[in-house]
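In what follows, a structure is listed as structure tokens, so that the remarks can point back to it.
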Amino acid sequence: MKKLDKRLLRTIRESKGQFISLTIVVIVALIVYVSFSMVADQLYNSIYQYYGETNFAHIFVDVNRVPGNVVDDLLSIDGIDQVQGRVVSDVPLRVEDPNEKVNVRIVSVPSNENQINSLFVLEGEELRPGTRTTSVLQQFFIGRDMEIGDTLRPYIGGTEYSLEVVAEVGNPEYIYLMENEQTLLPDEKGFGVIYVPEEFAQSALGFQGSYNNVIVTIDESQENRIDIIADDIEDRLERFGIRSIVTREDHLSHSVMIQEVDSLKLMSQSMTIIFLLVASVVISIMLSRIVRKDRIGIGVLKGLGYGNTQILMHYVKYSIAIGLTGSLIGILFSIPISRSLVELYIQYMNIPLFRSVIDNNYLIYGTLLTTAFCVAAGLFGARSVLQISPADAMRPETPRTGKRMWIESFQAFWKRMTFSWKMVLRNISRTKRRAFFLVIGIALTFAVTMVPVFMSTVWDTLFERQYSQLQKMDYSIEFTRPLDIKVIPELQKLTQIDYIEPKVELPFELAEGWRKEIVNVIGIRRDTIMYGFRTTSGREIELPEKGIVLTDILARQLHAGPGDTISINSVLPGVSEKTIEVKAVVEQYFGKNAYMDIEQMYEIIEEKNIATGALAFTDWNITQDLRDVQNISAINTVQDLRATMEEYMDLIIASMGALMLFGGILGFAIVYNITIVSISERIMEFSSLRVLGFDKKEIFKLVTRENALMTVFGLILGMPLGYSMCKGIADAVSTDMYTIPAIIEPFVYLYSAVATVVFVIVAQMATYKKIKDLNFIDALKNRIS
Amino acid sequence: MSENILLKAENLSKLYQMGEVTVAAVKNVDIEIINGEFAVILGPSGSGKSTLLNILGGMDQPTEGNVYMNGESIIGFNDKKLTAYRRDKVGFVFQFYNLMGTLTARENVELATEICEDALDIDEVLETVGLGDRKDHFPSQMSGGEQQRVAIARAVAKNADLLLCDEPTGALDFETGIKILGLLKEINVKYNKTVVIITHNVPIGEMADRVIKMRSGEIIEITENKDPIEPERIVW
């Protein structure tokens with residue numbers, strides 16, 4: 001081994017704390033980059049492979065009722081490849097525990113070959129036409145611990161049916177299984193999808209010869225015309241009462257999956273860049289310090305005949321060693337970590353083709369990326385090697401210029417300051433760039449720590465806002481069809497309800513200019529106590545007597561605001577299109593809706609005194625009392641949502657914990673390395689202080705005070721930085737289905753600050769050894785390392 | 001005589017700008033170093049001897065004048081050529097040894113030899129400087145005299161023609177200093193190396209073939225020593 005390389009190895013051994021801490025930062029960067037990128041790619045590829053194998057639909061249409069021949073006629077629309085009518089309906093499922101509320105979505109499956117959204121059989125056999133059999137979606141099958149041969153008892157239109165489970169299946173429509181846009185999280189025990197033969201669904205649900213759902217695939221070459229094709233379908237089916245038309249892009253499961261792929265990619269890029277940038281800056285600061293300290297050694301090497309490149313590379317190899325060691329260990333870790341990530345996804349998502357595949361390209365890219373960053377940092381940090389003239393290097397270094405600081409002009413203040421504090425301030429002012437980086441580093445640590453703290457609280461905050469402030473009801477009862485309003489007081493007699501209000505919730509197409517959206521518009525009483533509307537600026541408002549109130553997401557999509565007039569077109573046949581004024585835009589975090597006074601709703605639908613559901617206040621579990629009542633299709637409670645939410649909190653907290661650990665590593669690496677550099681730079685100064693009679697603790701206190709001051713500045717700067725980071729992530733995670741607002745409670749700042757201070761203290765304690773081991777006599781004698 | 005000249009400096013000056021004042025560290029110096037001689041450049045602190053040595057050794061550039069090594073000017077050399085000059089033609093011994101603390105005695109010597117094409121046998125050189133049994137020690141485990149021996153071995157092992165020694169006894173006690181001077185003389189004779197020592201210590205001049213005296217950046221006297229004494233007889 002070359003002697004310079006041997007020297008390098010011994011230098012690394014002597015600065016092992018710094019080497020290890022920086023290598024860990026590189027390891028984290030590589031792990032995040034490699035594993036997240038691999039999983040993102042694999043997820044994306046698996047989804048599309050799955051879509052291909054199961055012939056996933058491009059357009060999904062919900063209609064009230066459409067005859068089979070009309071569905072077949074859709075094939076004449078230019079660009080459509082295949083159409084398939086389905087009967088889809090959510091019904092209660094009878095289970096052993098009468099208090100447990102379980103809903104299933106019954107989806108009919110035709111008997112022909114080459115179906116759209118075909119079932120991917122994981123276990124069991126195909127559905128047999130003409131039998132009372134069912135194939136159960138994988139998540140629900142596992143969630144409810146089912147076995148092939150079990151019997152399911154859905155309750156359809158007042159009758160309980162028995163269906164034999166013949167298969168466990170996957171389906172691209174429900175990779176991510178959610179009951180609706182407002183449930184937010186999957187609940188595999190409480191909601192599932194069961195597939196039944198078409199003729200059974202049609203007869204049990206009363207759809208002989210007709211369907212209430214149409215799915216369409218389009219020619220590959222026509223995919224860019226998807227919106228035009230959707231409009232054509234809408235024109236054809238309008239008279240059958242379209243409840244919604246959704247293209248694949250807006251499909252609930254698909255958009256969640258793509259969102260997941262995007263956020264993995266975002267994470268892999270942003271976290272990697274943050275970590276590599278921090279590692280690079282610290283490496284370059286450390287190397288520039290080593291070069292300065294090695295000035296005479298560099299002079300000697302030049303005197304011996306070593307060239308600039310040889311000497312420069314000697315120092316750059318230090319950072320290359322960090323890059324390569326970090327890459328190697330990072331790769332070793334990223335393979336099992338990406339496998340675990342895949343396992344985690346498999347647990348929550350239903351992609352049978354999803355496998356952990358190691359993509360060697362990412363291993364190579366990752367190594368090249370980290371090494372490139374480290375080489376750049378090394379060259380930047382050690383570049384002063386080139387400027388050192390061998391003759392100058394032999395002369396003692398001129399003392400640094402000491403200048404008065406601006407703060408010293410405040411004499412009254414300066415005079416009162418103790419000697420140690422004066423030293424602290426002078427040193428900071430002497431090494432401004434490094435102090436600045438330390439402040440930035442601490443701010444970054446604060447921000448990186450704040451993101452997981454924010455994300456782990458945001459769901460709670462969201463939940464609180466959505467289900468305590470906006471929707472205050474305990475239960476939302478849905479009727480199978482619009483009923484006379486007189487049923488409302490009758491419901492109250494059937495069970496214990498403290499207070500009940502009717503609602504009319506119907507799908508409408510709202511349009512502003514060329515922009516249009518099909519959404520559920522909810523009509524409730526103006527004096528409702530079930531909703532607490534707030535404008536986007538936080539002002540509480542009541543429903544207006546006339547006009548419509550849009551939720552935030554919808555208003556943005558329609559580009560409509562208060563004062564605008566929009567058109568409102570019922571999907572119910574025979575109701576004419578009308579215009580209506582937007583009176584306000586209100587906050588709603590999950591889903592998009594519009595609201596109006598129930599009387600206004602009656603005017604729009606040209607019908608009076610009907611209700612499509614009811615909203616109730618009660619502490620009583622009304623599900624059991626109402627479960628056999630005819631004409632009730634669903635009973636939703638906020639408690640169920642909260643329970644699902646809490647189950648997920650563990651997962652969220654675990655993944656946020658990992659992020660927080662990253663923040664800690666970052667903070668430790670920055671503070672530890674900068675402090676070590678600072679100590680080694682001031683070793684002569686500290687040695688002189690030791691000779692003057694300062695003890696080790698007093699010297700350590702000097703360093704600690706400096707870092708404490710920097711931490712205060714770092715935290716102050718970290719707050720706006722953390723806010724922007726949280727806001728950026730909230731915006732990136734928000735979708736058309738839900739908005740994550742950047743509502744950051746004060747305790748989020750407090751927790752993040754406490755965590756950051758802990759990281760700083762731990763790093764600080766680790767540097768104490770350097771002071772403790774300081775041999776001041778040697779330090780004063782030594783001229784070369 | 002001229003064929004025997006190893007190094008020649010002509011009209012050499014080195015000026016430093018200190019604020020508004022220009023200070024001449026070396027002024028119009030003409031000097032010739034003869035192949036195989038043992039020369040001592042004598043002068044008090046600040047007389048410009050270290051600056052002169054640095055220029056002769058290719059460590060520094062003069063403001064004016066020229067330096068010829070075996071008849072070839074080194075002043076127009078680019079960085080690469082100057083590095084090669086230091087690597088192949090010159091060996092330096094510094095007052096404070098300047099060893100690499102993380103390398104052993106042997107490794108410090110190897111550090112110099114592994115970039116040279118025609119290096120001497122390291123173990124033999126270490127034997128010559130009397131460190132045959134200390135070669136695996138680190139500088140921190142050695143005395144000042146031993147460290148200076150390593151530094152000399154490092155300069156010698158390169159097998160360069162010229163050994164430039166900057167106050168080689170400056171950091172050593174009297175007895176050790178004498179031993180080091182004896183070693184340098186031995187190397188001068190045994191390996192036929194040209195040795196140039198700079199020092200402020202007048203008695204050291206007595207062992208030299210020639211003594212070049214400097215004051216205020218100028219050469220004030222060059223004396224040929226017909227009968228140099230043995231280093232052991234030097235007293236200061």
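As shown in the structure tokens, the chain order sets the letters A, B, ...; within each chain, residues go from 1, and ligands are also counted from 1 in the order they appear.
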Could the residues of chain A that have an atom at most 6 Å from chain B be listed as JSON lines, each with its closest atom pair and the distance in Å to one decimal, counting only C-alpha atoms and ordered by chain and ascending residue number?
{"residue": "A:Lys3", "atom": "CA", "partner": "B:Leu111", "partner_atom": "CA", "distance": 5.3}
{"residue": "A:Arg7", "atom": "CA", "partner": "B:Thr102", "partner_atom": "CA", "distance": 5.9}
{"residue": "A:Leu304", "atom": "CA", "partner": "B:Arg87", "partner_atom": "CA", "distance": 5.5}
{"residue": "A:Gly305", "atom": "CA", "partner": "B:Arg87", "partner_atom": "CA", "distance": 3.6}
{"residue": "A:Gly307", "atom": "CA", "partner": "B:Thr83", "partner_atom": "CA", "distance": 5.8}
{"residue": "A:Pro390", "atom": "CA", "partner": "B:Met59", "partner_atom": "CA", "distance": 5.4}
{"residue": "A:Ala391", "atom": "CA", "partner": "B:Met59", "partner_atom": "CA", "distance": 5.2}
{"residue": "A:Ser785", "atom": "CA", "partner": "B:Gly101", "partner_atom": "CA", "distance": 5.0}
DSSP helix (DSSP H, G or I) selection over segment 56-181 of chain B, as an MDAnalysis selection string: chainID B and resid 56 79:88 105:113 122:128 139:141 144:157 174:181
Proximity to Gly144 of chain B - best of B:Leu120, B:Cys165, B:Glu175, B:Lys190, only C-alpha atoms: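 Between B:Leu120, B:Cys165, B:Glu175, B:Lys190, the residue approaching Gly144 of chain B most closely is B:Glu175.
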Strand (DSSP E or B) per DSSP on the backbone: members of chain B, as a PyMOL selection string: chain B and resi 5-18+21-34+38-42+64-69+72-73+90-93+162-166+194-199+210-215+218-224
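In this model, the gap between atom CA of Val34 of chain A and atom CA of Ile335 of chain A comes to 8.3 Å.
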